[in-house]
$ cat my_file_25.pdb   # PDB, C-alpha atoms, pLDDT in the B column
ATOM      1  CA  MET A 250     -39.427 111.176 -64.861  1.00 86.00           C
ATOM      2  CA  LYS A 251     -37.301 114.226 -64.166  1.00 91.00           C
ATOM      3  CA  LYS A 252     -40.257 115.706 -62.319  1.00 95.00           C
ATOM      4  CA  ALA A 253     -40.569 112.621 -60.109  1.00 96.00           C
ATOM      5  CA  LEU A 254     -36.854 112.492 -59.319  1.00 97.00           C
ATOM      6  CA  LEU A 255     -36.701 116.171 -58.472  1.00 96.00           C
ATOM      7  CA  TYR A 256     -39.772 115.829 -56.280  1.00 97.00           C
ATOM      8  CA  LEU A 257     -38.276 112.909 -54.356  1.00 97.00           C
ATOM      9  CA  GLU A 258     -34.905 114.597 -53.910  1.00 96.00           C
ATOM     10  CA  VAL A 259     -36.541 117.716 -52.505  1.00 96.00           C
ATOM     11  CA  THR A 260     -39.057 115.991 -50.231  1.00 96.00           C
ATOM     12  CA  ASP A 261     -36.647 113.366 -48.872  1.00 97.00           C
ATOM     13  CA  PRO A 262     -32.910 114.224 -48.769  1.00 96.00           C
ATOM     14  CA  ILE A 263     -31.955 110.680 -47.700  1.00 95.00           C
ATOM     15  CA  LEU A 264     -33.729 109.172 -50.670  1.00 96.00           C
ATOM     16  CA  GLY A 265     -32.267 111.924 -52.821  1.00 96.00           C
ATOM     17  CA  ASN A 266     -28.784 110.756 -51.855  1.00 95.00           C
ATOM     18  CA  ILE A 267     -29.685 107.185 -52.818  1.00 96.00           C
ATOM     19  CA  ILE A 268     -30.972 108.420 -56.181  1.00 96.00           C
ATOM     20  CA  ARG A 269     -27.679 110.163 -56.879  1.00 95.00           C
ATOM     21  CA  GLN A 270     -25.677 107.102 -55.826  1.00 93.00           C
ATOM     22  CA  VAL A 271     -27.692 104.632 -57.901  1.00 94.00           C
ATOM     23  CA  GLY A 272     -27.879 106.810 -60.990  1.00 95.00           C
ATOM     24  CA  PRO A 273     -30.458 107.001 -63.802  1.00 95.00           C
ATOM     25  CA  TYR A 274     -33.862 105.424 -63.395  1.00 95.00           C
ATOM     26  CA  ALA A 275     -33.686 102.315 -65.591  1.00 94.00           C
ATOM     27  CA  ILE A 276     -36.645 100.149 -64.656  1.00 95.00           C
ATOM     28  CA  THR A 277     -37.409  97.121 -66.840  1.00 94.00           C
ATOM     29  CA  TYR A 278     -41.101  96.751 -67.638  1.00 95.00           C
ATOM     30  CA  HIS A 279     -42.882  93.513 -68.523  1.00 95.00           C
ATOM     31  CA  ALA A 280     -46.075  92.870 -70.443  1.00 96.00           C
ATOM     32  CA  PRO A 281     -49.094  92.882 -68.097  1.00 96.00           C
ATOM     33  CA  ASP A 282     -50.324  89.541 -69.326  1.00 97.00           C
ATOM     34  CA  PHE A 283     -50.947  85.923 -68.409  1.00 97.00           C
ATOM     35  CA  THR A 284     -47.416  84.821 -69.285  1.00 97.00           C
ATOM     36  CA  THR A 285     -45.778  87.369 -66.978  1.00 96.00           C
ATOM     37  CA  LEU A 286     -47.935  86.337 -64.026  1.00 96.00           C
ATOM     38  CA  ALA A 287     -47.463  82.631 -64.704  1.00 96.00           C
ATOM     39  CA  ARG A 288     -43.718  83.151 -64.997  1.00 94.00           C
ATOM     40  CA  SER A 289     -43.656  84.876 -61.618  1.00 93.00           C
ATOM     41  CA  ILE A 290     -45.253  81.765 -60.078  1.00 94.00           C
ATOM     42  CA  ILE A 291     -42.683  79.479 -61.697  1.00 94.00           C
ATOM     43  CA  TYR A 292     -39.781  81.630 -60.471  1.00 91.00           C
ATOM     44  CA  GLN A 293     -40.920  81.736 -56.832  1.00 88.00           C
ATOM     45  CA  GLN A 294     -38.229  80.429 -54.451  1.00 83.00           C
ATOM     46  CA  LEU A 295     -35.956  79.225 -57.274  1.00 85.00           C
ATOM     47  CA  SER A 296     -32.648  80.411 -58.657  1.00 84.00           C
ATOM     48  CA  GLY A 297     -32.882  82.297 -61.927  1.00 83.00           C
ATOM     49  CA  ARG A 298     -31.143  79.537 -63.888  1.00 88.00           C
ATOM     50  CA  ALA A 299     -33.301  76.696 -62.567  1.00 92.00           C
ATOM     51  CA  ALA A 300     -36.508  78.686 -62.959  1.00 92.00           C
ATOM     52  CA  GLY A 301     -35.526  79.741 -66.481  1.00 93.00           C
ATOM     53  CA  THR A 302     -35.004  76.122 -67.485  1.00 96.00           C
ATOM     54  CA  ILE A 303     -38.403  75.076 -66.119  1.00 96.00           C
ATOM     55  CA  PHE A 304     -40.138  78.055 -67.687  1.00 96.00           C
ATOM     56  CA  ALA A 305     -38.631  77.174 -71.081  1.00 97.00           C
ATOM     57  CA  ARG A 306     -39.996  73.635 -70.774  1.00 97.00           C
ATOM     58  CA  VAL A 307     -43.446  74.880 -69.815  1.00 98.00           C
ATOM     59  CA  LEU A 308     -43.414  77.374 -72.678  1.00 97.00           C
ATOM     60  CA  ALA A 309     -42.436  74.638 -75.139  1.00 97.00           C
ATOM     61  CA  ALA A 310     -45.230  72.383 -73.902  1.00 97.00           C
ATOM     62  CA  ALA A 311     -47.969  74.967 -73.414  1.00 97.00           C
ATOM     63  CA  GLY A 312     -46.941  77.969 -75.443  1.00 96.00           C
ATOM     64  CA  ARG A 313     -47.845  79.623 -78.681  1.00 92.00           C
ATOM     65  CA  GLY A 314     -45.900  82.445 -80.284  1.00 92.00           C
ATOM     66  CA  GLY A 315     -43.703  82.954 -77.240  1.00 93.00           C
ATOM     67  CA  LYS A 316     -46.674  83.226 -74.870  1.00 97.00           C
ATOM     68  CA  LEU A 317     -48.220  80.664 -72.553  1.00 97.00           C
ATOM     69  CA  SER A 318     -51.657  79.411 -73.533  1.00 97.00           C
ATOM     70  CA  PRO A 319     -54.137  79.060 -70.644  1.00 97.00           C
ATOM     71  CA  ALA A 320     -56.059  76.452 -72.652  1.00 97.00           C
ATOM     72  CA  LYS A 321     -52.928  74.320 -73.130  1.00 97.00           C
ATOM     73  CA  LEU A 322     -52.055  74.557 -69.437  1.00 97.00           C
ATOM     74  CA  ILE A 323     -55.560  73.404 -68.518  1.00 97.00           C
ATOM     75  CA  ALA A 324     -55.287  70.537 -71.002  1.00 97.00           C
ATOM     76  CA  LEU A 325     -51.981  69.416 -69.496  1.00 97.00           C
ATOM     77  CA  GLY A 326     -53.253  69.699 -65.947  1.00 97.00           C
ATOM     78  CA  PRO A 327     -51.031  69.380 -62.878  1.00 97.00           C
ATOM     79  CA  GLU A 328     -50.104  65.823 -63.849  1.00 97.00           C
ATOM     80  CA  GLY A 329     -48.840  66.927 -67.242  1.00 97.00           C
ATOM     81  CA  LEU A 330     -46.873  69.835 -65.768  1.00 97.00           C
ATOM     82  CA  ARG A 331     -45.094  67.865 -63.050  1.00 97.00           C
ATOM     83  CA  PRO A 332     -42.653  66.115 -65.467  1.00 97.00           C
ATOM     84  CA  LEU A 333     -41.523  69.562 -66.667  1.00 97.00           C
ATOM     85  CA  GLY A 334     -39.925  70.227 -63.281  1.00 96.00           C
ATOM     86  CA  LEU A 335     -42.749  71.954 -61.430  1.00 96.00           C
ATOM     87  CA  SER A 336     -43.737  71.021 -57.909  1.00 96.00           C
ATOM     88  CA  GLN A 337     -47.251  69.720 -57.385  1.00 96.00           C
ATOM     89  CA  GLN A 338     -48.133  72.989 -55.688  1.00 96.00           C
ATOM     90  CA  LYS A 339     -46.847  75.224 -58.481  1.00 96.00           C
ATOM     91  CA  ALA A 340     -48.455  73.043 -61.127  1.00 97.00           C
ATOM     92  CA  SER A 341     -51.810  73.435 -59.374  1.00 97.00           C
ATOM     93  CA  TYR A 342     -51.237  77.197 -59.089  1.00 96.00           C
ATOM     94  CA  LEU A 343     -50.663  77.529 -62.837  1.00 97.00           C
ATOM     95  CA  VAL A 344     -53.781  75.544 -63.661  1.00 97.00           C
ATOM     96  CA  ASP A 345     -55.799  77.611 -61.195  1.00 95.00           C
ATOM     97  CA  LEU A 346     -54.506  80.807 -62.828  1.00 96.00           C
ATOM     98  CA  ALA A 347     -55.431  79.480 -66.263  1.00 96.00           C
ATOM     99  CA  ASN A 348     -58.927  78.593 -65.083  1.00 96.00           C
ATOM    100  CA  ARG A 349     -59.515  82.062 -63.620  1.00 92.00           C
ATOM    101  CA  ARG A 350     -59.825  83.644 -67.075  1.00 89.00           C
ATOM    102  CA  ILE A 351     -58.511  86.976 -65.842  1.00 94.00           C
ATOM    103  CA  ARG A 352     -59.065  89.729 -68.401  1.00 94.00           C
ATOM    104  CA  PHE A 353     -55.521  91.064 -68.467  1.00 96.00           C
ATOM    105  CA  SER A 354     -56.424  93.604 -71.140  1.00 95.00           C
ATOM    106  CA  HIS A 355     -58.897  95.066 -68.652  1.00 96.00           C
ATOM    107  CA  LEU A 356     -56.413  95.422 -65.757  1.00 96.00           C
ATOM    108  CA  PRO A 357     -54.982  98.770 -66.941  1.00 96.00           C
ATOM    109  CA  THR A 358     -58.434 100.320 -66.547  1.00 97.00           C
ATOM    110  CA  LEU A 359     -58.845  99.205 -62.925  1.00 97.00           C
ATOM    111  CA  PRO A 360     -57.694 101.053 -59.798  1.00 97.00           C
ATOM    112  CA  ASP A 361     -54.850  99.468 -57.840  1.00 97.00           C
ATOM    113  CA  SER A 362     -57.158  98.038 -55.170  1.00 97.00           C
ATOM    114  CA  GLU A 363     -59.249  96.136 -57.712  1.00 97.00           C
ATOM    115  CA  VAL A 364     -56.161  94.777 -59.484  1.00 97.00           C
ATOM    116  CA  LEU A 365     -54.835  93.517 -56.152  1.00 96.00           C
ATOM    117  CA  ALA A 366     -58.167  91.905 -55.321  1.00 96.00           C
ATOM    118  CA  ALA A 367     -58.401  90.163 -58.701  1.00 94.00           C
ATOM    119  CA  LEU A 368     -54.858  88.815 -58.633  1.00 95.00           C
ATOM    120  CA  THR A 369     -54.676  87.703 -55.007  1.00 95.00           C
ATOM    121  CA  ALA A 370     -57.789  85.609 -55.536  1.00 93.00           C
ATOM    122  CA  VAL A 371     -55.549  83.263 -57.548  1.00 93.00           C
ATOM    123  CA  LYS A 372     -53.773  80.470 -55.679  1.00 92.00           C
ATOM    124  CA  GLY A 373     -50.067  81.216 -55.378  1.00 91.00           C
ATOM    125  CA  ILE A 374     -50.445  84.968 -55.960  1.00 94.00           C
ATOM    126  CA  GLY A 375     -49.889  86.991 -52.806  1.00 94.00           C
ATOM    127  CA  VAL A 376     -50.007  90.723 -52.258  1.00 94.00           C
ATOM    128  CA  TRP A 377     -46.294  91.131 -52.982  1.00 90.00           C
ATOM    129  CA  THR A 378     -46.511  89.418 -56.390  1.00 91.00           C
ATOM    130  CA  ALA A 379     -49.590  91.452 -57.278  1.00 95.00           C
ATOM    131  CA  GLN A 380     -47.781  94.651 -56.277  1.00 94.00           C
ATOM    132  CA  MET A 381     -44.825  93.696 -58.462  1.00 93.00           C
ATOM    133  CA  LEU A 382     -47.209  93.381 -61.413  1.00 95.00           C
ATOM    134  CA  LEU A 383     -48.587  96.836 -60.590  1.00 96.00           C
ATOM    135  CA  LEU A 384     -45.106  98.310 -60.485  1.00 95.00           C
ATOM    136  CA  PHE A 385     -43.219  96.435 -63.202  1.00 94.00           C
ATOM    137  CA  ALA A 386     -45.989  95.584 -65.682  1.00 96.00           C
ATOM    138  CA  LEU A 387     -48.902  97.975 -65.280  1.00 97.00           C
ATOM    139  CA  GLU A 388     -46.438 100.844 -64.639  1.00 97.00           C
ATOM    140  CA  ARG A 389     -48.398 102.233 -61.690  1.00 97.00           C
ATOM    141  CA  PRO A 390     -46.511 105.233 -60.248  1.00 96.00           C
ATOM    142  CA  ASP A 391     -47.411 104.922 -56.566  1.00 97.00           C
ATOM    143  CA  THR A 392     -46.839 101.311 -55.481  1.00 97.00           C
ATOM    144  CA  PHE A 393     -45.013 100.645 -52.214  1.00 96.00           C
ATOM    145  CA  PRO A 394     -44.598  96.983 -51.092  1.00 93.00           C
ATOM    146  CA  THR A 395     -44.419  97.346 -47.310  1.00 90.00           C
ATOM    147  CA  ASN A 396     -44.280  93.580 -46.851  1.00 87.00           C
ATOM    148  CA  GLU A 397     -41.013  93.220 -48.789  1.00 89.00           C
ATOM    149  CA  ARG A 398     -38.219  92.456 -46.365  1.00 88.00           C
ATOM    150  CA  GLY A 399     -35.612  93.939 -48.682  1.00 88.00           C
ATOM    151  CA  ILE A 400     -37.352  97.322 -48.636  1.00 93.00           C
ATOM    152  CA  ARG A 401     -37.745  97.133 -44.870  1.00 93.00           C
ATOM    153  CA  ASN A 402     -34.047  96.474 -44.354  1.00 90.00           C
ATOM    154  CA  ALA A 403     -33.096  99.159 -46.851  1.00 93.00           C
ATOM    155  CA  ILE A 404     -35.093 101.741 -44.918  1.00 95.00           C
ATOM    156  CA  HIS A 405     -33.651 100.466 -41.639  1.00 93.00           C
ATOM    157  CA  LYS A 406     -30.100 101.111 -42.848  1.00 90.00           C
ATOM    158  CA  ALA A 407     -30.653 104.224 -44.951  1.00 91.00           C
ATOM    159  CA  TYR A 408     -32.574 106.115 -42.277  1.00 92.00           C
ATOM    160  CA  ASN A 409     -30.252 104.987 -39.483  1.00 91.00           C
ATOM    161  CA  LEU A 410     -33.080 103.472 -37.437  1.00 94.00           C
ATOM    162  CA  PRO A 411     -32.291 101.593 -34.195  1.00 95.00           C
ATOM    163  CA  THR A 412     -34.501  98.666 -35.224  1.00 95.00           C
ATOM    164  CA  PRO A 413     -36.174  97.550 -38.464  1.00 94.00           C
ATOM    165  CA  PRO A 414     -39.248  99.719 -39.081  1.00 95.00           C
ATOM    166  CA  THR A 415     -42.767  98.497 -38.465  1.00 95.00           C
ATOM    167  CA  LEU A 416     -45.317  98.615 -41.253  1.00 94.00           C
ATOM    168  CA  THR A 417     -46.725 101.805 -39.725  1.00 94.00           C
ATOM    169  CA  GLU A 418     -43.285 103.407 -39.607  1.00 95.00           C
ATOM    170  CA  MET A 419     -42.591 102.390 -43.199  1.00 95.00           C
ATOM    171  CA  ALA A 420     -45.853 103.977 -44.301  1.00 94.00           C
ATOM    172  CA  GLN A 421     -44.940 107.178 -42.455  1.00 95.00           C
ATOM    173  CA  ILE A 422     -41.478 107.329 -44.037  1.00 96.00           C
ATOM    174  CA  ALA A 423     -42.957 106.673 -47.477  1.00 96.00           C
ATOM    175  CA  GLN A 424     -45.652 109.331 -47.174  1.00 96.00           C
ATOM    176  CA  PRO A 425     -43.460 112.128 -48.626  1.00 97.00           C
ATOM    177  CA  TRP A 426     -42.773 109.958 -51.674  1.00 97.00           C
ATOM    178  CA  ARG A 427     -46.400 110.032 -52.796  1.00 97.00           C
ATOM    179  CA  PRO A 428     -47.389 110.034 -55.622  1.00 97.00           C
ATOM    180  CA  TYR A 429     -44.077 108.552 -56.798  1.00 98.00           C
ATOM    181  CA  ALA A 430     -43.617 105.673 -54.349  1.00 97.00           C
ATOM    182  CA  SER A 431     -42.908 103.254 -57.204  1.00 97.00           C
ATOM    183  CA  VAL A 432     -39.824 105.244 -58.172  1.00 97.00           C
ATOM    184  CA  ALA A 433     -38.656 105.319 -54.552  1.00 97.00           C
ATOM    185  CA  THR A 434     -39.220 101.565 -54.300  1.00 96.00           C
ATOM    186  CA  TRP A 435     -37.123 100.893 -57.379  1.00 96.00           C
ATOM    187  CA  TYR A 436     -34.234 102.967 -56.023  1.00 96.00           C
ATOM    188  CA  LEU A 437     -34.326 101.282 -52.622  1.00 95.00           C
ATOM    189  CA  ARG A 438     -34.253  97.858 -54.276  1.00 90.00           C
ATOM    190  CA  ARG A 439     -31.411  98.820 -56.602  1.00 89.00           C
ATOM    191  CA  SER A 440     -29.387 100.371 -53.799  1.00 83.00           C
ATOM    192  CA  ARG A 441     -28.078  96.934 -52.853  1.00 70.00           C
ATOM    193  CA  ARG A 442     -25.716  97.277 -55.803  1.00 69.00           C
ATOM    194  CA  CYS A 443     -24.145 100.414 -54.383  1.00 67.00           C
ATOM    195  CA  ARG A 444     -21.195  99.576 -52.184  1.00 58.00           C
ATOM    196  CA  ARG A 445     -20.584 102.926 -50.575  1.00 52.00           C
ATOM    197  CA  PHE A 446     -22.826 105.560 -49.064  1.00 49.00           C
ATOM    198  CA  PRO A 447     -21.447 108.495 -47.107  1.00 46.00           C
ATOM    199  CA  HIS A 448     -22.082 108.680 -43.339  1.00 42.00           C
ATOM    200  CA  HIS A 449     -25.505 107.410 -42.255  1.00 44.00           C
ATOM    201  CA  PHE A 450     -26.713 107.106 -45.830  1.00 43.00           C
ATOM    202  CA  ARG A 451     -24.761 103.886 -46.250  1.00 39.00           C
ATOM    203  CA  LEU A 452     -26.964 100.852 -46.835  1.00 35.00           C
ATOM    204  CA  THR A 453     -26.461  97.140 -46.916  1.00 33.00           C
ATOM    205  CA  LEU A 454     -29.584  95.518 -48.258  1.00 31.00           C
ATOM    206  CA  LEU A 455     -30.077  92.192 -46.509  1.00 31.00           C
ATOM    207  CA  ILE A 456     -32.749  90.096 -48.190  1.00 32.00           C
ATOM    208  CA  PRO A 457     -33.426  86.348 -48.276  1.00 35.00           C
ATOM    209  CA  SER A 458     -31.434  84.629 -51.004  1.00 38.00           C
ATOM    210  CA  ALA A 459     -34.576  83.306 -52.676  1.00 41.00           C
ATOM    211  CA  TYR A 460     -36.038  86.818 -52.863  1.00 39.00           C
ATOM    212  CA  ALA A 461     -32.750  88.152 -54.229  1.00 39.00           C
ATOM    213  CA  ARG A 462     -32.693  85.566 -56.988  1.00 43.00           C
ATOM    214  CA  VAL A 463     -36.302  86.251 -57.942  1.00 43.00           C
ATOM    215  CA  HIS A 464     -35.716  90.002 -57.994  1.00 42.00           C
ATOM    216  CA  ARG A 465     -32.714  89.717 -60.282  1.00 44.00           C
ATOM    217  CA  SER A 466     -34.506  87.322 -62.610  1.00 47.00           C
ATOM    218  CA  ILE A 467     -37.902  88.946 -62.992  1.00 59.00           C
ATOM    219  CA  TRP A 468     -38.594  92.248 -61.305  1.00 61.00           C
ATOM    220  CA  GLN A 469     -35.938  94.880 -61.985  1.00 61.00           C
TER     221      GLN A 469
END

$ encode --input "my_file_25.pdb" --output "structure tokens"
Amino acid sequence: MKKALLYLEVTDPILGNIIRQVGPYAITYHAPDFTTLARSIIYQQLSGRAAGTIFARVLAAAGRGGKLSPAKLIALGPEGLRPLGLSQQKASYLVDLANRRIRFSHLPTLPDSEVLAALTAVKGIGVWTAQMLLLFALERPDTFPTNERGIRNAIHKAYNLPTPPTLTEMAQIAQPWRPYASVATWYLRRSRRCRRFPHHFRLTLLIPSAYARVHRSIWQ
């Protein structure tokens, strides 16, 4: 990790300043398994407390040894999941995920593009959620979620841009971070906790409240 941090500080002084302000790299990794992906669906657009309560109910009804059982979710079906606090849509997403029979043990052997393709084929799993699994579960070193509004606003403020960057501009700014874009992403996301940045390095990360709650609860 020291190599990655030194590389980023040298190749991008603005990001280097953020790294120094945020402090040590302390990412929290999750198991790259069915339960983690199902939990991410449950937590979408909910506060951490509410989502945690619903997840606990689902785990009690369809879990085994602290992990969700795809077979039990299928047996319950959307109708059996609805009384646990899930919306009809999320209940159908969980059952669809369970029916997909994704070989999670095989995901670490696949390139990023194939992981994204496999996961986004599931109802309720978009590119952003799949990228979060790459970054926070599969521990891929070069993931950069350009469609995350929080990252976009962070770059807007940190790089003193007149307007929020386009996807093309974000890709250009992130190019020097390769092959450690995941580390850069983590620091940009964590920078919202830093209150003061000198001169034009100051950032105020403005992200939708639902995204903020999900980020704090799952992906850190």

$ resolve_selection --input "my_file_25.pdb" --expression "the PyMOL selection byres ((chain A and resi 277-286) around 6)" --output "list in words"
Ile276, Ala287, Arg288, Ser289, Lys316, Leu317, Phe353, Phe385, Ala386, Leu387 and Gln469 of chain A

$ resolve_selection --input "my_file_25.pdb" --expression "the PyMOL selection byres ((chain A and resi 335) around 12)" --output "mmCIF file with C-alpha atoms, keeping the file's coordinate frame"
data_model
loop_
_atom_site.group_PDB
_atom_site.id
_atom_site.type_symbol
_atom_site.label_atom_id
_atom_site.label_comp_id
_atom_site.auth_asym_id
_atom_site.auth_seq_id
_atom_site.Cartn_x
_atom_site.Cartn_y
_atom_site.Cartn_z
ATOM 1 C CA ARG A 288 -43.718 83.151 -64.997
ATOM 2 C CA ILE A 290 -45.253 81.765 -60.078
ATOM 3 C CA ILE A 291 -42.683 79.479 -61.697
ATOM 4 C CA TYR A 292 -39.781 81.630 -60.471
ATOM 5 C CA GLN A 293 -40.920 81.736 -56.832
ATOM 6 C CA GLN A 294 -38.229 80.429 -54.451
ATOM 7 C CA LEU A 295 -35.956 79.225 -57.274
ATOM 8 C CA ALA A 299 -33.301 76.696 -62.567
ATOM 9 C CA ALA A 300 -36.508 78.686 -62.959
ATOM 10 C CA GLY A 301 -35.526 79.741 -66.481
ATOM 11 C CA THR A 302 -35.004 76.122 -67.485
ATOM 12 C CA ILE A 303 -38.403 75.076 -66.119
ATOM 13 C CA PHE A 304 -40.138 78.055 -67.687
ATOM 14 C CA ALA A 305 -38.631 77.174 -71.081
ATOM 15 C CA ARG A 306 -39.996 73.635 -70.774
ATOM 16 C CA VAL A 307 -43.446 74.880 -69.815
ATOM 17 C CA GLY A 326 -53.253 69.699 -65.947
ATOM 18 C CA PRO A 327 -51.031 69.380 -62.878
ATOM 19 C CA GLU A 328 -50.104 65.823 -63.849
ATOM 20 C CA GLY A 329 -48.840 66.927 -67.242
ATOM 21 C CA LEU A 330 -46.873 69.835 -65.768
ATOM 22 C CA ARG A 331 -45.094 67.865 -63.050
ATOM 23 C CA PRO A 332 -42.653 66.115 -65.467
ATOM 24 C CA LEU A 333 -41.523 69.562 -66.667
ATOM 25 C CA GLY A 334 -39.925 70.227 -63.281
ATOM 26 C CA SER A 336 -43.737 71.021 -57.909
ATOM 27 C CA GLN A 337 -47.251 69.720 -57.385
ATOM 28 C CA GLN A 338 -48.133 72.989 -55.688
ATOM 29 C CA LYS A 339 -46.847 75.224 -58.481
ATOM 30 C CA ALA A 340 -48.455 73.043 -61.127
ATOM 31 C CA SER A 341 -51.810 73.435 -59.374
ATOM 32 C CA TYR A 342 -51.237 77.197 -59.089
ATOM 33 C CA LEU A 343 -50.663 77.529 -62.837
ATOM 34 C CA VAL A 344 -53.781 75.544 -63.661
#

$ residues_around --input "my_file_25.pdb" --residues "Thr434 (chain A)" --least-positions-apart "4" --cutoff "7 Å" --atoms "only C-alpha atoms" --output "list of chain:residue names"
A:Phe393, A:Ala430, A:Arg438

$ closest_residue --input "my_file_25.pdb" --among "A:Ile267, A:Asp361, A:Pro273, A:Ala366" --to "Ile404 (chain A)" --atoms "only C-alpha atoms"
A:Ile267

$ atom_distance --input "my_file_25.pdb" --atom1 "CA of Met419 (chain A)" --atom2 "CA of Val371 (chain A)"
27.2 Å

$ residues_near_point --input "my_file_25.pdb" --point "(-40.6, 97.3, -50.7)" --cutoff "10 Å" --atoms "all atoms listed in the file" --output "VMD selection string"
chain A and resid 377 380 to 381 392 to 404 419 430 to 431 433 to 435 437 to 438

$ atom_distance --input "my_file_25.pdb" --atom1 "CA of Gln421 (chain A)" --atom2 "CA of His405 (chain A)"
13.2 Å

$ axis_aligned_box --input "my_file_25.pdb" --around "region 291-307 of chain A" --padding-each-side "3 Å" --output "JSON"
{"center_x": -37.3, "center_y": 78.0, "center_z": -62.8, "size_x": 18.3, "size_y": 14.7, "size_z": 22.6}

$ atom_distance --input "my_file_25.pdb" --atom1 "CA of Ser440 (chain A)" --atom2 "CA of Gly375 (chain A)"
24.5 Å

$ residues_near_point --input "my_file_25.pdb" --point "(-58.9, 79.7, -59.8)" --cutoff "12 Å" --atoms "all atoms listed in the file" --output "PyMOL selection string"
chain A and resi 319+323+341-351+367-374

$ write_last_selection --input "my_file_25.pdb" --atoms "C-alpha atoms" --output "PDB file, keeping the file's coordinate frame"
ATOM      1  CA  PRO A 319     -54.137  79.060 -70.644  1.00 97.00           C
ATOM      2  CA  ILE A 323     -55.560  73.404 -68.518  1.00 97.00           C
ATOM      3  CA  SER A 341     -51.810  73.435 -59.374  1.00 97.00           C
ATOM      4  CA  TYR A 342     -51.237  77.197 -59.089  1.00 96.00           C
ATOM      5  CA  LEU A 343     -50.663  77.529 -62.837  1.00 97.00           C
ATOM      6  CA  VAL A 344     -53.781  75.544 -63.661  1.00 97.00           C
ATOM      7  CA  ASP A 345     -55.799  77.611 -61.195  1.00 95.00           C
ATOM      8  CA  LEU A 346     -54.506  80.807 -62.828  1.00 96.00           C
ATOM      9  CA  ALA A 347     -55.431  79.480 -66.263  1.00 96.00           C
ATOM     10  CA  ASN A 348     -58.927  78.593 -65.083  1.00 96.00           C
ATOM     11  CA  ARG A 349     -59.515  82.062 -63.620  1.00 92.00           C
ATOM     12  CA  ARG A 350     -59.825  83.644 -67.075  1.00 89.00           C
ATOM     13  CA  ILE A 351     -58.511  86.976 -65.842  1.00 94.00           C
ATOM     14  CA  ALA A 367     -58.401  90.163 -58.701  1.00 94.00           C
ATOM     15  CA  LEU A 368     -54.858  88.815 -58.633  1.00 95.00           C
ATOM     16  CA  THR A 369     -54.676  87.703 -55.007  1.00 95.00           C
ATOM     17  CA  ALA A 370     -57.789  85.609 -55.536  1.00 93.00           C
ATOM     18  CA  VAL A 371     -55.549  83.263 -57.548  1.00 93.00           C
ATOM     19  CA  LYS A 372     -53.773  80.470 -55.679  1.00 92.00           C
ATOM     20  CA  GLY A 373     -50.067  81.216 -55.378  1.00 91.00           C
ATOM     21  CA  ILE A 374     -50.445  84.968 -55.960  1.00 94.00           C
TER      22      ILE A 374
END

$ closest_residue --input "my_file_25.pdb" --among "A:Leu356, A:Ala311, A:Val271, A:Leu325" --to "Glu388 (chain A)" --atoms "only C-alpha atoms"
A:Leu356

$ residues_around --input "my_file_25.pdb" --residues "Tyr274 (chain A)" --least-positions-apart "4" --cutoff "10 Å" --atoms "only C-alpha atoms" --output "ChimeraX atom specification"
/A:250-251,254,268,432,435-436,439

$ closest_residue --input "my_file_25.pdb" --among "A:Arg427, A:Lys252, A:Arg298, A:His355" --to "Asp391 (chain A)" --atoms "only C-alpha atoms"
A:Arg427

$ build_atoms --input "my_file_25.pdb" --residues "region 430-440 of chain A" --atoms "N, CA and C atoms" --output "mmCIF file, in the coordinates of the input"
data_model
loop_
_atom_site.group_PDB
_atom_site.id
_atom_site.type_symbol
_atom_site.label_atom_id
_atom_site.label_comp_id
_atom_site.auth_asym_id
_atom_site.auth_seq_id
_atom_site.Cartn_x
_atom_site.Cartn_y
_atom_site.Cartn_z
ATOM 1 N N ALA A 430 -44.182 106.724 -55.197
ATOM 2 C CA ALA A 430 -43.617 105.673 -54.349
ATOM 3 C C ALA A 430 -42.994 104.541 -55.166
ATOM 4 N N SER A 431 -43.481 104.309 -56.362
ATOM 5 C CA SER A 431 -42.908 103.254 -57.204
ATOM 6 C C SER A 431 -41.456 103.575 -57.559
ATOM 7 N N VAL A 432 -41.190 104.830 -57.850
ATOM 8 C CA VAL A 432 -39.824 105.244 -58.172
ATOM 9 C C VAL A 432 -38.931 105.072 -56.948
ATOM 10 N N ALA A 433 -39.416 105.481 -55.788
ATOM 11 C CA ALA A 433 -38.656 105.319 -54.552
ATOM 12 C C ALA A 433 -38.380 103.844 -54.282
ATOM 13 N N THR A 434 -39.377 103.005 -54.508
ATOM 14 C CA THR A 434 -39.220 101.565 -54.300
ATOM 15 C C THR A 434 -38.136 101.002 -55.194
ATOM 16 N N TRP A 435 -38.138 101.388 -56.448
ATOM 17 C CA TRP A 435 -37.123 100.893 -57.379
ATOM 18 C C TRP A 435 -35.723 101.288 -56.917
ATOM 19 N N TYR A 436 -35.560 102.521 -56.466
ATOM 20 C CA TYR A 436 -34.234 102.967 -56.023
ATOM 21 C C TYR A 436 -33.791 102.253 -54.750
ATOM 22 N N LEU A 437 -34.693 102.013 -53.836
ATOM 23 C CA LEU A 437 -34.326 101.282 -52.622
ATOM 24 C C LEU A 437 -33.903 99.856 -52.963
ATOM 25 N N ARG A 438 -34.592 99.227 -53.891
ATOM 26 C CA ARG A 438 -34.253 97.858 -54.276
ATOM 27 C C ARG A 438 -32.917 97.803 -55.010
ATOM 28 N N ARG A 439 -32.664 98.790 -55.841
ATOM 29 C CA ARG A 439 -31.411 98.820 -56.602
ATOM 30 C C ARG A 439 -30.218 99.239 -55.750
ATOM 31 N N SER A 440 -30.481 99.853 -54.631
ATOM 32 C CA SER A 440 -29.387 100.371 -53.799
ATOM 33 C C SER A 440 -28.494 99.265 -53.270
#
